[in-house]
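Coordinates from final_25.pdb are shown below (PDB, N, CA and C atoms).
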```pdb
MODEL        1
ATOM      1  N   ILE A   1      29.208  -4.901   9.275
ATOM      2  CA  ILE A   1      28.375  -6.109   9.139
ATOM      3  C   ILE A   1      28.034  -6.312   7.670
ATOM      4  N   GLU A   2      28.267  -7.493   7.203
ATOM      5  CA  GLU A   2      27.897  -7.803   5.826
ATOM      6  C   GLU A   2      26.392  -7.782   5.694
ATOM      7  N   HIS A   3      25.925  -7.391   4.518
ATOM      8  CA  HIS A   3      24.482  -7.284   4.316
ATOM      9  C   HIS A   3      23.748  -8.604   4.408
ATOM     10  N   SER A   4      24.438  -9.695   4.385
ATOM     11  CA  SER A   4      23.734 -10.972   4.438
ATOM     12  C   SER A   4      23.597 -11.513   5.865
ATOM     13  N   HIS A   5      24.245 -10.852   6.825
ATOM     14  CA  HIS A   5      24.248 -11.411   8.171
ATOM     15  C   HIS A   5      23.538 -10.526   9.189
ATOM     16  N   LEU A   6      22.248 -10.400   9.016
ATOM     17  CA  LEU A   6      21.450  -9.673   9.983
ATOM     18  C   LEU A   6      20.347 -10.620  10.422
ATOM     19  N   ALA A   7      20.335 -10.934  11.721
ATOM     20  CA  ALA A   7      19.315 -11.852  12.224
ATOM     21  C   ALA A   7      18.104 -11.064  12.700
ATOM     22  N   VAL A   8      16.942 -11.611  12.440
ATOM     23  CA  VAL A   8      15.696 -11.019  12.902
ATOM     24  C   VAL A   8      15.180 -11.858  14.065
ATOM     25  N   ILE A   9      14.868 -11.188  15.173
ATOM     26  CA  ILE A   9      14.294 -11.883  16.320
ATOM     27  C   ILE A   9      12.783 -11.716  16.232
ATOM     28  N   LYS A  10      12.093 -12.837  16.049
ATOM     29  CA  LYS A  10      10.651 -12.783  15.878
ATOM     30  C   LYS A  10       9.944 -12.665  17.220
ATOM     31  N   LYS A  11       8.631 -12.411  17.162
ATOM     32  CA  LYS A  11       7.847 -12.225  18.394
ATOM     33  C   LYS A  11       7.993 -13.400  19.357
ATOM     34  N   ASP A  12       8.061 -14.598  18.801
ATOM     35  CA  ASP A  12       8.150 -15.789  19.664
ATOM     36  C   ASP A  12       9.578 -16.093  20.113
ATOM     37  N   GLY A  13      10.520 -15.206  19.769
ATOM     38  CA  GLY A  13      11.903 -15.391  20.196
ATOM     39  C   GLY A  13      12.774 -16.135  19.199
ATOM     40  N   ALA A  14      12.141 -16.725  18.183
ATOM     41  CA  ALA A  14      12.908 -17.441  17.159
ATOM     42  C   ALA A  14      13.719 -16.440  16.335
ATOM     43  N   ARG A  15      14.843 -16.916  15.799
ATOM     44  CA  ARG A  15      15.680 -16.050  14.975
ATOM     45  C   ARG A  15      15.742 -16.594  13.550
ATOM     46  N   GLU A  16      15.785 -15.680  12.601
ATOM     47  CA  GLU A  16      16.004 -16.085  11.209
ATOM     48  C   GLU A  16      16.788 -14.977  10.528
ATOM     49  N   LEU A  17      17.466 -15.311   9.434
ATOM     50  CA  LEU A  17      18.234 -14.295   8.719
ATOM     51  C   LEU A  17      17.290 -13.309   8.058
ATOM     52  N   PHE A  18      17.679 -12.026   8.092
ATOM     53  CA  PHE A  18      16.890 -11.006   7.419
ATOM     54  C   PHE A  18      16.833 -11.345   5.936
ATOM     55  N   ASP A  19      15.643 -11.259   5.388
ATOM     56  CA  ASP A  19      15.437 -11.607   3.992
ATOM     57  C   ASP A  19      14.679 -10.464   3.326
ATOM     58  N   ARG A  20      15.380  -9.712   2.483
ATOM     59  CA  ARG A  20      14.774  -8.558   1.814
ATOM     60  C   ARG A  20      13.516  -8.967   1.056
ATOM     61  N   GLU A  21      13.578 -10.133   0.419
ATOM     62  CA  GLU A  21      12.445 -10.595  -0.392
ATOM     63  C   GLU A  21      11.213 -10.835   0.481
ATOM     64  N   LYS A  22      11.446 -11.368   1.663
ATOM     65  CA  LYS A  22      10.339 -11.619   2.589
ATOM     66  C   LYS A  22       9.691 -10.300   3.028
ATOM     67  N   LEU A  23      10.548  -9.331   3.337
ATOM     68  CA  LEU A  23      10.062  -8.006   3.702
ATOM     69  C   LEU A  23       9.270  -7.401   2.545
ATOM     70  N   ALA A  24       9.841  -7.495   1.351
ATOM     71  CA  ALA A  24       9.195  -6.943   0.161
ATOM     72  C   ALA A  24       7.818  -7.572  -0.065
ATOM     73  N   ASN A  25       7.748  -8.892   0.068
ATOM     74  CA  ASN A  25       6.473  -9.588  -0.131
ATOM     75  C   ASN A  25       5.440  -9.143   0.888
ATOM     76  N   SER A  26       5.873  -8.991   2.117
ATOM     77  CA  SER A  26       4.970  -8.566   3.180
ATOM     78  C   SER A  26       4.407  -7.173   2.886
ATOM     79  N   ILE A  27       5.273  -6.267   2.448
ATOM     80  CA  ILE A  27       4.832  -4.897   2.141
ATOM     81  C   ILE A  27       3.921  -4.895   0.909
ATOM     82  N   ARG A  28       4.332  -5.622  -0.117
ATOM     83  CA  ARG A  28       3.505  -5.676  -1.332
ATOM     84  C   ARG A  28       2.125  -6.251  -1.050
ATOM     85  N   ARG A  29       2.113  -7.324  -0.262
ATOM     86  CA  ARG A  29       0.861  -8.003   0.036
ATOM     87  C   ARG A  29      -0.082  -7.092   0.828
ATOM     88  N   SER A  30       0.465  -6.412   1.824
ATOM     89  CA  SER A  30      -0.408  -5.633   2.695
ATOM     90  C   SER A  30      -0.757  -4.252   2.147
ATOM     91  N   VAL A  31       0.187  -3.587   1.478
ATOM     92  CA  VAL A  31      -0.100  -2.210   1.048
ATOM     93  C   VAL A  31       0.293  -1.875  -0.387
ATOM     94  N   GLY A  32       0.768  -2.862  -1.130
ATOM     95  CA  GLY A  32       1.226  -2.606  -2.497
ATOM     96  C   GLY A  32       0.209  -1.913  -3.383
ATOM     97  N   LYS A  33      -1.046  -2.273  -3.221
ATOM     98  CA  LYS A  33      -2.080  -1.722  -4.102
ATOM     99  C   LYS A  33      -2.334  -0.226  -3.875
ATOM    100  N   PHE A  34      -1.817   0.301  -2.771
ATOM    101  CA  PHE A  34      -2.016   1.728  -2.499
ATOM    102  C   PHE A  34      -0.946   2.603  -3.160
ATOM    103  N   PHE A  35       0.021   1.976  -3.799
ATOM    104  CA  PHE A  35       1.070   2.728  -4.472
ATOM    105  C   PHE A  35       0.824   2.767  -5.973
ATOM    106  N   LYS A  36       1.244   3.875  -6.572
ATOM    107  CA  LYS A  36       1.050   4.029  -8.017
ATOM    108  C   LYS A  36       1.963   3.110  -8.815
ATOM    109  N   SER A  37       3.139   2.850  -8.277
ATOM    110  CA  SER A  37       4.093   2.044  -9.045
ATOM    111  C   SER A  37       4.944   1.162  -8.157
ATOM    112  N   GLU A  38       5.528   0.162  -8.778
ATOM    113  CA  GLU A  38       6.441  -0.761  -8.107
ATOM    114  C   GLU A  38       7.658   0.002  -7.586
ATOM    115  N   VAL A  39       8.040   1.062  -8.312
ATOM    116  CA  VAL A  39       9.207   1.857  -7.914
ATOM    117  C   VAL A  39       8.993   2.458  -6.522
ATOM    118  N   GLU A  40       7.777   2.941  -6.264
ATOM    119  CA  GLU A  40       7.475   3.514  -4.951
ATOM    120  C   GLU A  40       7.600   2.460  -3.850
ATOM    121  N   VAL A  41       7.135   1.259  -4.155
ATOM    122  CA  VAL A  41       7.225   0.167  -3.180
ATOM    123  C   VAL A  41       8.692  -0.158  -2.917
ATOM    124  N   GLU A  42       9.484  -0.243  -3.979
ATOM    125  CA  GLU A  42      10.927  -0.519  -3.850
ATOM    126  C   GLU A  42      11.613   0.541  -2.997
ATOM    127  N   ASN A  43      11.192   1.798  -3.156
ATOM    128  CA  ASN A  43      11.790   2.885  -2.373
ATOM    129  C   ASN A  43      11.553   2.688  -0.887
ATOM    130  N   VAL A  44      10.351   2.255  -0.541
ATOM    131  CA  VAL A  44      10.022   1.996   0.863
ATOM    132  C   VAL A  44      10.911   0.873   1.393
ATOM    133  N   ILE A  45      11.030  -0.189   0.613
ATOM    134  CA  ILE A  45      11.837  -1.347   1.020
ATOM    135  C   ILE A  45      13.303  -0.936   1.198
ATOM    136  N   ASP A  46      13.822  -0.151   0.246
ATOM    137  CA  ASP A  46      15.210   0.329   0.338
ATOM    138  C   ASP A  46      15.420   1.156   1.601
ATOM    139  N   THR A  47      14.479   2.047   1.874
ATOM    140  CA  THR A  47      14.576   2.911   3.052
ATOM    141  C   THR A  47      14.666   2.079   4.325
ATOM    142  N   VAL A  48      13.785   1.090   4.433
ATOM    143  CA  VAL A  48      13.758   0.235   5.621
ATOM    144  C   VAL A  48      15.050  -0.561   5.730
ATOM    145  N   GLU A  49      15.460  -1.164   4.629
ATOM    146  CA  GLU A  49      16.674  -1.983   4.640
ATOM    147  C   GLU A  49      17.896  -1.149   5.026
ATOM    148  N   ASN A  50      18.020   0.042   4.453
ATOM    149  CA  ASN A  50      19.158   0.912   4.773
ATOM    150  C   ASN A  50      19.178   1.278   6.253
ATOM    151  N   ARG A  51      18.017   1.587   6.803
ATOM    152  CA  ARG A  51      17.954   1.937   8.232
ATOM    153  C   ARG A  51      18.373   0.752   9.103
ATOM    154  N   LEU A  52      17.974  -0.447   8.703
ATOM    155  CA  LEU A  52      18.338  -1.639   9.472
ATOM    156  C   LEU A  52      19.847  -1.810   9.520
ATOM    157  N   TYR A  53      20.494  -1.668   8.366
ATOM    158  CA  TYR A  53      21.948  -1.853   8.342
ATOM    159  C   TYR A  53      22.679  -0.701   9.018
ATOM    160  N   GLU A  54      22.062   0.498   8.992
ATOM    161  CA  GLU A  54      22.682   1.637   9.669
ATOM    162  C   GLU A  54      22.713   1.444  11.184
ATOM    163  N   LEU A  55      21.821   0.612  11.702
ATOM    164  CA  LEU A  55      21.835   0.338  13.150
ATOM    165  C   LEU A  55      23.163  -0.283  13.566
ATOM    166  N   GLY A  56      23.783  -1.017  12.637
ATOM    167  CA  GLY A  56      25.060  -1.647  12.935
ATOM    168  C   GLY A  56      24.956  -2.827  13.879
ATOM    169  N   GLU A  57      23.765  -3.351  14.038
ATOM    170  CA  GLU A  57      23.569  -4.492  14.936
ATOM    171  C   GLU A  57      23.648  -5.792  14.144
ATOM    172  N   SER A  58      23.910  -6.892  14.854
ATOM    173  CA  SER A  58      23.927  -8.183  14.168
ATOM    174  C   SER A  58      22.549  -8.831  14.211
ATOM    175  N   GLU A  59      21.684  -8.326  15.115
ATOM    176  CA  GLU A  59      20.316  -8.821  15.142
ATOM    177  C   GLU A  59      19.363  -7.694  15.511
ATOM    178  N   VAL A  60      18.146  -7.823  15.043
ATOM    179  CA  VAL A  60      17.148  -6.772  15.254
ATOM    180  C   VAL A  60      15.778  -7.422  15.458
ATOM    181  N   ALA A  61      14.978  -6.835  16.345
ATOM    182  CA  ALA A  61      13.647  -7.385  16.616
ATOM    183  C   ALA A  61      12.707  -7.086  15.454
ATOM    184  N   SER A  62      11.846  -8.038  15.152
ATOM    185  CA  SER A  62      10.893  -7.843  14.056
ATOM    186  C   SER A  62      10.017  -6.615  14.326
ATOM    187  N   GLN A  63       9.798  -6.332  15.603
ATOM    188  CA  GLN A  63       9.017  -5.150  16.006
ATOM    189  C   GLN A  63       9.647  -3.874  15.447
ATOM    190  N   ILE A  64      10.976  -3.801  15.499
ATOM    191  CA  ILE A  64      11.685  -2.615  15.014
ATOM    192  C   ILE A  64      11.545  -2.501  13.503
ATOM    193  N   ILE A  65      11.617  -3.630  12.823
ATOM    194  CA  ILE A  65      11.443  -3.611  11.362
ATOM    195  C   ILE A  65      10.057  -3.045  11.030
ATOM    196  N   GLY A  66       9.051  -3.504  11.769
ATOM    197  CA  GLY A  66       7.695  -2.997  11.557
ATOM    198  C   GLY A  66       7.607  -1.495  11.761
ATOM    199  N   GLU A  67       8.268  -1.009  12.809
ATOM    200  CA  GLU A  67       8.265   0.436  13.073
ATOM    201  C   GLU A  67       8.954   1.196  11.938
ATOM    202  N   PHE A  68      10.054   0.642  11.425
ATOM    203  CA  PHE A  68      10.762   1.287  10.313
ATOM    204  C   PHE A  68       9.879   1.328   9.067
ATOM    205  N   VAL A  69       9.123   0.248   8.838
ATOM    206  CA  VAL A  69       8.206   0.217   7.699
ATOM    207  C   VAL A  69       7.166   1.328   7.876
ATOM    208  N   LEU A  70       6.622   1.436   9.076
ATOM    209  CA  LEU A  70       5.624   2.485   9.343
ATOM    210  C   LEU A  70       6.202   3.879   9.107
ATOM    211  N   ASP A  71       7.417   4.112   9.573
ATOM    212  CA  ASP A  71       8.053   5.420   9.362
ATOM    213  C   ASP A  71       8.184   5.734   7.875
ATOM    214  N   ALA A  72       8.634   4.737   7.128
ATOM    215  CA  ALA A  72       8.833   4.937   5.685
ATOM    216  C   ALA A  72       7.498   5.175   4.979
ATOM    217  N   LEU A  73       6.487   4.413   5.361
ATOM    218  CA  LEU A  73       5.164   4.580   4.746
ATOM    219  C   LEU A  73       4.563   5.934   5.100
ATOM    220  N   ALA A  74       4.772   6.364   6.342
ATOM    221  CA  ALA A  74       4.200   7.632   6.798
ATOM    222  C   ALA A  74       4.671   8.782   5.924
ATOM    223  N   GLU A  75       5.917   8.707   5.475
ATOM    224  CA  GLU A  75       6.474   9.776   4.642
ATOM    225  C   GLU A  75       5.982   9.701   3.199
ATOM    226  N   LYS A  76       5.599   8.510   2.760
ATOM    227  CA  LYS A  76       5.316   8.340   1.335
ATOM    228  C   LYS A  76       3.834   8.175   0.989
ATOM    229  N   ASN A  77       3.077   7.553   1.897
ATOM    230  CA  ASN A  77       1.706   7.212   1.519
ATOM    231  C   ASN A  77       0.862   7.006   2.777
ATOM    232  N   GLU A  78       0.013   7.990   3.063
ATOM    233  CA  GLU A  78      -0.740   7.955   4.322
ATOM    234  C   GLU A  78      -1.711   6.779   4.404
ATOM    235  N   VAL A  79      -2.349   6.459   3.278
ATOM    236  CA  VAL A  79      -3.319   5.353   3.276
ATOM    237  C   VAL A  79      -2.604   4.031   3.552
ATOM    238  N   ALA A  80      -1.466   3.838   2.896
ATOM    239  CA  ALA A  80      -0.681   2.627   3.117
ATOM    240  C   ALA A  80      -0.203   2.565   4.564
ATOM    241  N   TYR A  81       0.164   3.717   5.105
ATOM    242  CA  TYR A  81       0.604   3.783   6.502
ATOM    243  C   TYR A  81      -0.486   3.271   7.444
ATOM    244  N   VAL A  82      -1.698   3.783   7.264
ATOM    245  CA  VAL A  82      -2.804   3.387   8.146
ATOM    246  C   VAL A  82      -3.114   1.903   7.982
ATOM    247  N   ARG A  83      -3.088   1.446   6.731
ATOM    248  CA  ARG A  83      -3.376   0.037   6.451
ATOM    249  C   ARG A  83      -2.344  -0.871   7.130
ATOM    250  N   PHE A  84      -1.075  -0.540   6.961
ATOM    251  CA  PHE A  84      -0.015  -1.367   7.549
ATOM    252  C   PHE A  84      -0.084  -1.298   9.077
ATOM    253  N   ALA A  85      -0.336  -0.104   9.603
ATOM    254  CA  ALA A  85      -0.436   0.065  11.058
ATOM    255  C   ALA A  85      -1.559  -0.807  11.616
ATOM    256  N   SER A  86      -2.659  -0.894  10.878
ATOM    257  CA  SER A  86      -3.806  -1.665  11.370
ATOM    258  C   SER A  86      -3.459  -3.143  11.523
ATOM    259  N   VAL A  87      -2.633  -3.642  10.617
ATOM    260  CA  VAL A  87      -2.208  -5.042  10.689
ATOM    261  C   VAL A  87      -1.114  -5.197  11.750
ATOM    262  N   PHE A  88      -0.127  -4.319  11.693
ATOM    263  CA  PHE A  88       1.024  -4.395  12.585
ATOM    264  C   PHE A  88       0.617  -4.282  14.046
ATOM    265  N   HIS A  89      -0.297  -3.353  14.334
ATOM    266  CA  HIS A  89      -0.721  -3.137  15.720
ATOM    267  C   HIS A  89      -1.988  -3.912  16.066
ATOM    268  N   GLU A  90      -2.454  -4.732  15.120
ATOM    269  CA  GLU A  90      -3.640  -5.579  15.342
ATOM    270  C   GLU A  90      -4.831  -4.762  15.829
ATOM    271  N   PHE A  91      -5.148  -3.725  15.047
ATOM    272  CA  PHE A  91      -6.294  -2.876  15.380
ATOM    273  C   PHE A  91      -7.561  -3.699  15.462
ATOM    274  N   GLU A  92      -8.405  -3.332  16.420
ATOM    275  CA  GLU A  92      -9.676  -4.036  16.568
ATOM    276  C   GLU A  92     -10.872  -3.099  16.523
ATOM    277  N   THR A  93     -10.637  -1.825  16.808
ATOM    278  CA  THR A  93     -11.759  -0.892  16.822
ATOM    279  C   THR A  93     -11.431   0.358  16.019
ATOM    280  N   LEU A  94     -12.463   1.119  15.720
ATOM    281  CA  LEU A  94     -12.285   2.377  15.007
ATOM    282  C   LEU A  94     -11.395   3.320  15.817
ATOM    283  N   ASN A  95     -11.533   3.253  17.147
ATOM    284  CA  ASN A  95     -10.716   4.116  18.005
ATOM    285  C   ASN A  95      -9.226   3.884  17.800
ATOM    286  N   ASP A  96      -8.852   2.641  17.498
ATOM    287  CA  ASP A  96      -7.438   2.348  17.241
ATOM    288  C   ASP A  96      -6.939   3.157  16.042
ATOM    289  N   PHE A  97      -7.778   3.241  15.007
ATOM    290  CA  PHE A  97      -7.413   4.008  13.811
ATOM    291  C   PHE A  97      -7.327   5.494  14.137
ATOM    292  N   VAL A  98      -8.333   5.981  14.833
ATOM    293  CA  VAL A  98      -8.374   7.403  15.192
ATOM    294  C   VAL A  98      -7.125   7.769  15.991
ATOM    295  N   HIS A  99      -6.776   6.913  16.933
ATOM    296  CA  HIS A  99      -5.624   7.155  17.799
ATOM    297  C   HIS A  99      -4.330   7.285  16.984
ATOM    298  N   ILE A 100      -4.104   6.370  16.046
ATOM    299  CA  ILE A 100      -2.839   6.420  15.302
ATOM    300  C   ILE A 100      -2.804   7.614  14.351
ATOM    301  N   LEU A 101      -3.952   8.000  13.831
ATOM    302  CA  LEU A 101      -3.995   9.183  12.966
ATOM    303  C   LEU A 101      -3.715  10.453  13.765
ATOM    304  N   GLU A 102      -4.224  10.496  14.975
ATOM    305  CA  GLU A 102      -3.942  11.649  15.840
ATOM    306  C   GLU A 102      -2.462  11.715  16.192
ATOM    307  N   GLN A 103      -1.876  10.549  16.445
ATOM    308  CA  GLN A 103      -0.432  10.503  16.727
ATOM    309  C   GLN A 103       0.356  11.050  15.542
ATOM    310  N   ARG A 104      -0.038  10.637  14.328
ATOM    311  CA  ARG A 104       0.636  11.095  13.112
ATOM    312  C   ARG A 104       0.559  12.607  13.000
ATOM    313  N   LYS A 105      -0.647  13.142  13.167
ATOM    314  CA  LYS A 105      -0.842  14.593  13.044
ATOM    315  C   LYS A 105       0.036  15.335  14.037
ATOM    316  N   ASN A 106       0.051  14.844  15.272
ATOM    317  CA  ASN A 106       0.847  15.498  16.300
ATOM    318  C   ASN A 106       2.333  15.446  15.985
ATOM    319  N   SER A 107       2.786  14.348  15.404
ATOM    320  CA  SER A 107       4.222  14.215  15.126
ATOM    321  C   SER A 107       4.641  15.084  13.944
ATOM    322  N   GLU A 108       3.675  15.517  13.142
ATOM    323  CA  GLU A 108       4.011  16.355  11.980
ATOM    324  C   GLU A 108       4.080  17.825  12.330
ATOM    325  N   GLN A 109       3.532  18.196  13.493
ATOM    326  CA  GLN A 109       3.518  19.625  13.853
ATOM    327  C   GLN A 109       4.849  20.089  14.400
TER     328      GLN A 109
ENDMDL
END
```

Show me this structure written as structure tokens.
Amino acid sequence: IEHSHLAVIKKDGARELFDREKLANSIRRSVGKFFKSEVEVENVIDTVENRLYELGESEVASQIIGEFVLDALAEKNEVAYVRFASVFHEFETLNDFVHILEQRKNSEQ
């Protein structure tokens, strides 16, 4: 699959072409300030993009992209991970935060 032909299926079922810049803006906007440098942010974006193309699919759900972002953040920056998770999973209570942190701890053991 050429790198330019990956469709993203959004929550409402609409499809659009994967756009690295859009992904980058979303990550920068939500968690960029938690990174020491732009290079770290670029690394996260590269990791996510590479995983998407490794799937070998012609289309991918936006939900999966979000999960890949969370995986990449979890390895690089815990604060950014929690921040992005709170938006991605639409956290509403403190318990939501506690729950995802417990999941993280368990997955690291």

Just want the 8 Å neighbourhood of Val8 (chain A), counted on all atoms listed in the file, with same-chain residues fewer than 3 positions away dropped. Output as number ranges by chain.
A: 5, 11, 13-19, 58-63

Which neighbours of Ile45 (chain A) fall inside 8 Å, counting all atoms listed in the file, when residues of the same chain fewer than 5 positions from it are skipped, and could you give them as a VMD selection string?
chain A and resid 20 23 to 24 27 39 to 40 50 to 51 69 72

Which residue gives the smallest distance to Leu55 (chain A) among A:Leu6, A:Glu102, A:Gln109, A:Ala85, with only C-alpha atoms counted?
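Smallest distance to Leu55 (chain A) is found for A:Leu6.
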
Report the residues of chain A whose backbone DSSP state falls under strand (DSSP E or B), written as an NGL selection string.
:A and (7-9 or 15-17 or 59-61)

So, with only C-alpha atoms as the atoms that count, which of A:Phe84, A:Lys33, A:Ser26, A:Phe68 lies closest to Glu54 (chain A)?
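The answer is A:Phe68, which sits nearest to Glu54 (chain A).
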
Which value, in Å to one decimal, gives the distance between CA of Ile100 (chain A) and atom C of Val79 (chain A)?
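Those two atoms sit 12.0 Å apart.
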
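With distances taken over all atoms listed in the file, A:Leu101 is the one residue among A:Ile9, A:Val41, A:Ile64, A:Leu101 lying closest to Val82 (chain A).
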
Could you pull out the alpha helix (DSSP H) residues of chain A, going by DSSP on the backbone, and write them as an MDAnalysis selection string?
chainID A and resid 20:31 38:54 62:76 78:88 94:108

What is the CA of Val31 (chain A) to CA of Arg83 (chain A) distance in Å?
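These atoms are spaced 6.7 Å apart.
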
Which of these residues is nearest to Arg104 (chain A), using only C-alpha atoms: A:Leu70, A:Glu38, A:Glu90, A:Asn43?
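Looking only at the distances to Arg104 (chain A), the closest residue turns out to be A:Leu70.
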
Given the choices A:Val87, A:Ile65, A:Val48, A:Ala80, which gets closest to Phe34 (chain A) if the distance is worked out from only C-alpha atoms?
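Once distances to Phe34 (chain A) are computed over only C-alpha atoms, the minimum belongs to A:Ala80.
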
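Going from atom C of Glu49 (chain A) to atom C of Asp12 (chain A) covers 22.8 Å.
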
Please determine, counting only C-alpha atoms, which residue among A:Glu108, A:Glu21, A:Lys36, A:Ser30 has the shortest atom-to-atom distance to Glu75 (chain A).
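Smallest distance to Glu75 (chain A) is found for A:Glu108.
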